[in-house]
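Enquirer: If it helps, the file is called model-v7.tsv and holds TSV, C-alpha atoms:
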```tsv
chain	number	residue	atom	x	y	z
O	4	MET	CA	105.51	-158.19	126.26
O	5	LYS	CA	102.96	-155.98	124.54
O	6	ARG	CA	105.74	-153.78	123.18
O	7	PHE	CA	107.56	-156.81	121.73
O	8	LEU	CA	104.32	-158.05	120.13
O	9	LEU	CA	103.70	-154.62	118.57
O	10	ILE	CA	107.21	-154.49	117.12
O	11	SER	CA	106.87	-158.01	115.67
O	12	VAL	CA	103.52	-157.22	114.00
O	13	THR	CA	104.89	-153.96	112.54
O	14	THR	CA	107.98	-155.72	111.14
O	15	ALA	CA	105.88	-158.47	109.54
O	16	ALA	CA	103.56	-155.89	107.97
O	17	LEU	CA	106.49	-153.99	106.47
O	18	CYS	CA	107.94	-157.19	105.02
O	19	LEU	CA	104.61	-158.14	103.43
O	20	THR	CA	104.17	-154.65	102.03
O	21	SER	CA	107.63	-154.65	100.46
O	22	GLN	CA	106.96	-158.05	98.85
O	23	ILE	CA	103.62	-156.96	97.42
O	24	SER	CA	104.84	-153.65	96.02
O	25	TRP	CA	108.08	-155.05	94.53
O	26	ALA	CA	108.51	-154.08	90.91
O	27	SER	CA	111.36	-153.04	88.65
O	28	LYS	CA	111.71	-151.62	85.16
O	29	ALA	CA	113.26	-153.66	82.34
O	30	TYR	CA	113.39	-153.86	78.54
O	31	VAL	CA	112.84	-156.57	75.94
O	32	THR	CA	116.26	-157.83	74.87
O	33	ASP	CA	118.00	-156.52	71.72
O	34	SER	CA	117.65	-157.84	68.17
O	35	PHE	CA	114.30	-159.72	68.20
O	36	ARG	CA	110.73	-159.70	69.52
O	37	ILE	CA	109.33	-162.02	72.20
O	38	SER	CA	105.91	-163.50	72.97
O	39	LEU	CA	103.72	-162.31	75.85
O	40	ARG	CA	101.71	-165.28	77.21
O	41	ARG	CA	98.75	-165.67	79.50
O	42	GLY	CA	100.68	-167.86	81.96
O	43	PRO	CA	104.23	-168.94	82.85
O	44	SER	CA	104.66	-171.74	80.28
O	45	ILE	CA	104.89	-172.17	76.51
O	46	GLU	CA	101.54	-174.02	76.55
O	47	ASN	CA	99.73	-170.82	77.50
O	48	LYS	CA	98.13	-168.65	74.84
O	49	ILE	CA	100.22	-165.92	73.21
O	50	LEU	CA	98.58	-162.56	73.91
O	51	LYS	CA	100.85	-160.46	71.71
O	52	PHE	CA	104.44	-160.06	70.54
O	53	LEU	CA	106.68	-157.43	72.15
O	54	PRO	CA	109.31	-155.73	69.99
O	55	SER	CA	112.95	-155.33	70.92
O	56	GLY	CA	113.50	-152.43	73.31
O	57	GLN	CA	109.91	-152.40	74.62
O	58	PRO	CA	109.92	-151.03	78.20
O	59	VAL	CA	108.12	-153.22	80.74
O	60	GLU	CA	107.65	-153.40	84.49
O	61	ILE	CA	108.50	-156.72	86.20
O	62	LEU	CA	105.81	-157.58	88.74
O	63	GLU	CA	107.12	-160.98	89.84
O	64	SER	CA	109.47	-163.75	88.71
O	65	LYS	CA	109.49	-167.52	89.20
O	66	GLU	CA	110.98	-170.63	87.54
O	67	GLY	CA	112.55	-168.71	84.65
O	68	TRP	CA	109.38	-166.69	83.87
O	69	SER	CA	108.45	-163.11	84.74
O	70	ARG	CA	105.02	-161.54	85.00
O	71	ILE	CA	105.25	-158.07	83.44
O	72	GLN	CA	103.20	-154.97	82.78
O	73	VAL	CA	103.86	-153.46	79.34
O	74	LEU	CA	104.59	-149.75	79.66
O	75	GLU	CA	102.63	-148.21	76.80
O	76	GLN	CA	102.18	-144.54	76.00
O	77	ASP	CA	98.41	-144.99	75.70
O	78	GLN	CA	96.03	-146.23	78.37
O	79	ASP	CA	95.60	-149.74	76.89
O	80	SER	CA	98.62	-151.45	78.53
O	81	SER	CA	98.97	-155.25	78.62
O	82	SER	CA	100.22	-157.70	81.22
O	83	GLY	CA	101.32	-161.32	81.01
O	84	TRP	CA	104.26	-163.71	81.27
O	85	VAL	CA	107.54	-163.80	79.33
O	86	LEU	CA	110.76	-165.80	79.65
O	87	SER	CA	113.02	-163.97	82.11
O	88	ARG	CA	116.11	-164.50	79.97
O	89	TYR	CA	114.62	-162.23	77.30
O	90	LEU	CA	114.52	-159.24	79.66
O	91	ILE	CA	117.40	-156.82	80.25
O	92	THR	CA	117.78	-154.03	82.80
O	93	ARG	CA	120.11	-151.81	80.76
O	94	LEU	CA	118.90	-149.41	78.08
O	95	PRO	CA	118.77	-151.20	74.68
O	96	TRP	CA	121.64	-150.54	72.26
O	97	LYS	CA	119.27	-148.90	69.79
O	98	ASP	CA	118.11	-146.39	72.39
O	99	GLN	CA	121.68	-145.77	73.51
O	100	ALA	CA	122.71	-145.14	69.90
O	101	MET	CA	119.80	-142.72	69.51
O	102	ASP	CA	120.87	-140.89	72.67
O	103	LEU	CA	124.42	-140.67	71.33
O	104	SER	CA	123.12	-139.43	67.97
O	105	ARG	CA	121.14	-136.71	69.72
O	106	GLY	CA	124.24	-135.86	71.74
O	107	THR	CA	126.30	-135.66	68.55
O	108	ALA	CA	123.69	-133.38	66.99
O	109	ARG	CA	123.82	-131.16	70.07
O	110	LEU	CA	127.61	-131.10	69.96
O	111	THR	CA	127.50	-130.27	66.25
O	112	LYS	CA	125.20	-127.36	67.02
O	113	GLU	CA	127.50	-126.20	69.79
O	114	LEU	CA	130.43	-126.61	67.41
O	115	GLY	CA	128.71	-124.25	65.01
O	116	GLN	CA	128.29	-121.72	67.79
O	117	VAL	CA	131.93	-122.10	68.78
O	118	LYS	CA	132.96	-121.68	65.14
O	119	LYS	CA	130.93	-118.49	64.98
O	120	LYS	CA	132.70	-117.17	68.05
O	121	LEU	CA	136.00	-118.30	66.57
O	122	ASP	CA	135.27	-116.37	63.37
O	123	GLN	CA	134.59	-113.33	65.50
O	124	LYS	CA	137.93	-113.79	67.23
O	125	VAL	CA	139.65	-114.20	63.86
O	126	GLN	CA	138.13	-110.90	62.79
O	127	ARG	CA	139.33	-109.41	66.06
O	128	GLU	CA	142.81	-110.76	65.37
O	129	LYS	CA	142.79	-109.14	61.94
O	130	GLN	CA	141.67	-105.92	63.54
O	131	LEU	CA	144.46	-106.21	66.08
O	132	SER	CA	146.95	-106.86	63.28
O	133	THR	CA	145.80	-103.69	61.55
O	134	GLU	CA	146.09	-101.77	64.79
O	135	VAL	CA	149.57	-103.19	65.40
O	136	LYS	CA	150.58	-102.06	61.92
O	137	GLN	CA	149.16	-98.63	62.57
O	138	TYR	CA	150.90	-98.41	65.94
O	139	THR	CA	154.14	-99.62	64.35
O	140	GLU	CA	153.90	-96.90	61.74
O	141	ALA	CA	153.11	-94.42	64.49
O	142	LEU	CA	156.10	-95.73	66.46
O	143	ASN	CA	158.41	-95.30	63.48
O	144	LYS	CA	157.06	-91.83	62.96
O	145	SER	CA	157.51	-91.06	66.64
O	146	ARG	CA	161.06	-92.41	66.53
O	147	TYR	CA	161.82	-90.17	63.57
O	148	GLU	CA	160.30	-87.19	65.31
O	149	TYR	CA	162.15	-88.13	68.46
O	150	ASP	CA	165.47	-88.25	66.67
O	151	THR	CA	164.67	-84.96	65.00
O	152	LEU	CA	163.44	-83.11	68.04
O	153	LYS	CA	165.58	-84.59	70.81
O	154	THR	CA	167.83	-81.56	70.67
O	155	GLU	CA	164.96	-79.36	71.65
O	156	ALA	CA	164.84	-79.56	75.42
O	157	ALA	CA	161.34	-78.14	75.78
O	158	ASP	CA	159.69	-80.92	73.72
O	159	TYR	CA	162.09	-83.72	74.55
O	160	LEU	CA	160.31	-85.10	77.66
O	161	LYS	CA	156.85	-84.98	76.07
O	162	LEU	CA	158.04	-86.85	72.99
O	163	LYS	CA	159.82	-89.45	75.12
O	164	GLU	CA	156.67	-90.08	77.14
O	165	ALA	CA	154.60	-90.51	73.96
O	166	TYR	CA	157.21	-92.89	72.59
O	167	GLU	CA	157.16	-95.09	75.69
O	168	THR	CA	153.33	-95.13	75.76
O	169	VAL	CA	153.18	-96.33	72.16
O	170	GLN	CA	155.71	-99.08	72.94
O	171	LYS	CA	153.60	-100.33	75.86
O	172	ASP	CA	150.47	-100.35	73.69
O	173	ILE	CA	152.22	-102.38	71.03
O	174	GLN	CA	153.45	-104.95	73.57
O	175	GLN	CA	149.93	-105.28	75.00
O	176	LEU	CA	148.43	-105.78	71.55
O	177	LEU	CA	151.02	-108.39	70.61
O	178	LYS	CA	150.34	-110.26	73.87
O	179	GLU	CA	146.56	-110.21	73.27
O	180	LYS	CA	147.06	-111.43	69.71
O	181	GLU	CA	149.22	-114.35	70.88
O	182	GLU	CA	146.69	-115.32	73.57
O	183	LEU	CA	143.87	-115.35	71.03
O	184	ARG	CA	145.85	-117.55	68.66
O	185	SER	CA	146.74	-120.02	71.44
O	186	SER	CA	143.10	-120.15	72.66
O	187	GLN	CA	141.79	-120.87	69.16
O	188	THR	CA	144.25	-123.72	68.62
O	189	ARG	CA	143.33	-125.45	71.92
O	190	LYS	CA	139.58	-125.16	71.26
O	191	TRP	CA	139.85	-126.64	67.75
O	192	PHE	CA	141.83	-129.61	69.05
O	193	ALA	CA	139.38	-130.21	71.90
O	194	ILE	CA	136.30	-129.94	69.67
O	195	GLY	CA	137.79	-132.24	67.02
O	196	ALA	CA	138.71	-134.85	69.60
O	197	LEU	CA	135.21	-134.76	71.15
O	198	VAL	CA	133.43	-135.17	67.80
O	199	LEU	CA	135.81	-138.02	66.83
O	200	LEU	CA	135.16	-139.78	70.17
O	201	CYS	CA	131.38	-139.55	69.71
O	202	GLY	CA	131.70	-140.96	66.19
O	203	LEU	CA	133.83	-143.89	67.42
O	204	ILE	CA	131.36	-144.73	70.20
O	205	ILE	CA	128.40	-144.69	67.80
O	206	GLY	CA	130.33	-146.84	65.35
O	207	LEU	CA	131.17	-149.38	68.06
O	208	LEU	CA	127.57	-149.54	69.30
O	209	VAL	CA	126.13	-149.95	65.79
O	210	GLY	CA	128.75	-152.57	64.94
O	211	ARG	CA	127.98	-154.49	68.12
O	212	GLN	CA	124.26	-154.41	67.38
O	213	GLU	CA	124.89	-155.72	63.85
O	214	LYS	CA	127.03	-158.57	65.21
O	215	LYS	CA	124.29	-159.53	67.69
O	216	ARG	CA	121.64	-159.43	64.98
O	217	LYS	CA	123.74	-161.69	62.73
O	218	SER	CA	124.38	-164.10	65.62
O	219	TYR	CA	120.62	-164.60	66.09
O	220	TYR	CA	120.23	-165.56	62.44
```
Starting from the file, lay out its structure as structure tokens.
Expert:
Amino acid sequence: MKRFLLISVTTAALCLTSQISWASKAYVTDSFRISLRRGPSIENKILKFLPSGQPVEILESKEGWSRIQVLEQDQDSSSGWVLSRYLITRLPWKDQAMDLSRGTARLTKELGQVKKKLDQKVQREKQLSTEVKQYTEALNKSRYEYDTLKTEAADYLKLKEAYETVQKDIQQLLKEKEELRSSQTRKWFAIGALVLLCGLIIGLLVGRQEKKRKSYY
């Protein structure tokens, strides 16, 4: 019996504690400011006006009104009552657009870094092209020397080995050049698509915000 009584008291205390400490974060709805009042009715005095996107903490809600704590950066925060329908739990469109703008700026910066690396690879490709040309000339020279000296048995094997080595080097360089070109093409397509997607999302968000603002007029 005592154990059952102890469990009941503990459960009731936990329920009361959860009800007292209940609070959630919200934001003032998009496109216009709202009034913060002393009590939960329009007859109560207006304490201040809260701008769109203002972060608040909901302390309690009843009959279409919510008692909130304004989350200010300074120490002088305010509390009062606002209509619950003017509060939203998602991040305001303006803040989302700002986040996307910062993301686009970051991607633009990264794009610059990728372009720098791409320029370095282009220079490497040019260098490889020069080396391929040099090796081709060396191969032609080796072929000529091979044709000239193949009758000399003493030097024949050495010249053949040099000829085959140069051929392998050329094949390796051509393969590396092709891989670089393919890698550059894929990266440009991916970067372009990512920047275009960010631009479309920002455009949609800004357009939606403008439509909402016009609808309130």
Enquirer: Would you mind telling me which residue in O:Gly202, O:Gly83, O:Gly195, O:Gly56 lies nearest to Ala29 (chain O) when using all atoms listed in the file?
Expert: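 Nearest candidate to Ala29 (chain O) out of O:Gly202, O:Gly83, O:Gly195, O:Gly56: O:Gly56.
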Enquirer: Write out as a PDB file with C-alpha atoms, keeping the file's coordinate frame which residues come within 12 Å of Leu176 (chain O) when counting all atoms listed in the file, dropping same-chain ones fewer than 6 positions away.
Expert:
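File produced: selection_23.pdb:
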```pdb
ATOM      1  CA  ARG O 127     139.330-109.410  66.060  1.00  0.00           C
ATOM      2  CA  GLU O 128     142.810-110.760  65.370  1.00  0.00           C
ATOM      3  CA  LYS O 129     142.790-109.140  61.940  1.00  0.00           C
ATOM      4  CA  GLN O 130     141.670-105.920  63.540  1.00  0.00           C
ATOM      5  CA  LEU O 131     144.460-106.210  66.080  1.00  0.00           C
ATOM      6  CA  SER O 132     146.950-106.860  63.280  1.00  0.00           C
ATOM      7  CA  THR O 133     145.800-103.690  61.550  1.00  0.00           C
ATOM      8  CA  GLU O 134     146.090-101.770  64.790  1.00  0.00           C
ATOM      9  CA  VAL O 135     149.570-103.190  65.400  1.00  0.00           C
ATOM     10  CA  LYS O 136     150.580-102.060  61.920  1.00  0.00           C
ATOM     11  CA  GLN O 137     149.160 -98.630  62.570  1.00  0.00           C
ATOM     12  CA  TYR O 138     150.900 -98.410  65.940  1.00  0.00           C
ATOM     13  CA  THR O 139     154.140 -99.620  64.350  1.00  0.00           C
ATOM     14  CA  VAL O 169     153.180 -96.330  72.160  1.00  0.00           C
ATOM     15  CA  GLN O 170     155.710 -99.080  72.940  1.00  0.00           C
ATOM     16  CA  GLU O 182     146.690-115.320  73.570  1.00  0.00           C
ATOM     17  CA  LEU O 183     143.870-115.350  71.030  1.00  0.00           C
TER      18      LEU O 183
END
```
Enquirer: Taking 2 positions as the minimum chain separation for residues in the same chain, which residues sit within 12 Å of Ile91 (chain O) when counting all atoms listed in the file? Answer as a PyMOL selection string.
Expert: chain O and resi 27-33+55-61+69+86-89+93-96
Enquirer: Measure the distance from CA of Ser185 (chain O) to CA of Leu110 (chain O) in Å and round it to one decimal.
Expert: 22.2 Å
Enquirer: Would you kindly return, as a ChimeraX atom specification, each protein, DNA or RNA residue with an atom no farther than 7 Å from any atom of Leu53 (chain O), considering only C-alpha atoms and excluding same-chain residues fewer than 3 positions away?
Expert: /O:36-39,57
Enquirer: Go ahead and save the picked residues with C-alpha atoms, as a PDB file, keeping the file's coordinate frame.
Expert:
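New file selection25.pdb:
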```
ATOM      1  CA  ARG O  36     110.730-159.700  69.520  1.00  0.00           C
ATOM      2  CA  ILE O  37     109.330-162.020  72.200  1.00  0.00           C
ATOM      3  CA  SER O  38     105.910-163.500  72.970  1.00  0.00           C
ATOM      4  CA  LEU O  39     103.720-162.310  75.850  1.00  0.00           C
ATOM      5  CA  GLN O  57     109.910-152.400  74.620  1.00  0.00           C
TER       6      GLN O  57
END
```
Enquirer: Point out the residue among O:Leu207, O:Leu74, O:Leu200, O:Ala193 with the least atom-to-atom distance to Thr107 (chain O), counting only C-alpha atoms.
Expert: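 Residue with the minimum atom-to-atom distance to Thr107 (chain O): O:Leu200.
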Enquirer: For the atom pair CA of Glu179 (chain O) and CA of Tyr166 (chain O), what is the interatomic distance in Å to one decimal place?
Expert: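 Distance reported for this atom pair: 20.3 Å.
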Enquirer: Calculate how many Å separate CA of Tyr147 (chain O) from CA of Lys171 (chain O), rounding to one decimal.
Expert: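 CA of Tyr147 (chain O) sits 17.9 Å away from CA of Lys171 (chain O).
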Enquirer: What's the 12 Å shell around Leu114 (chain O), counting all atoms listed in the file, without same-chain residues fewer than 6 positions away, as a PyMOL selection string?
Expert: chain O and resi 106-108+120-121+190-198
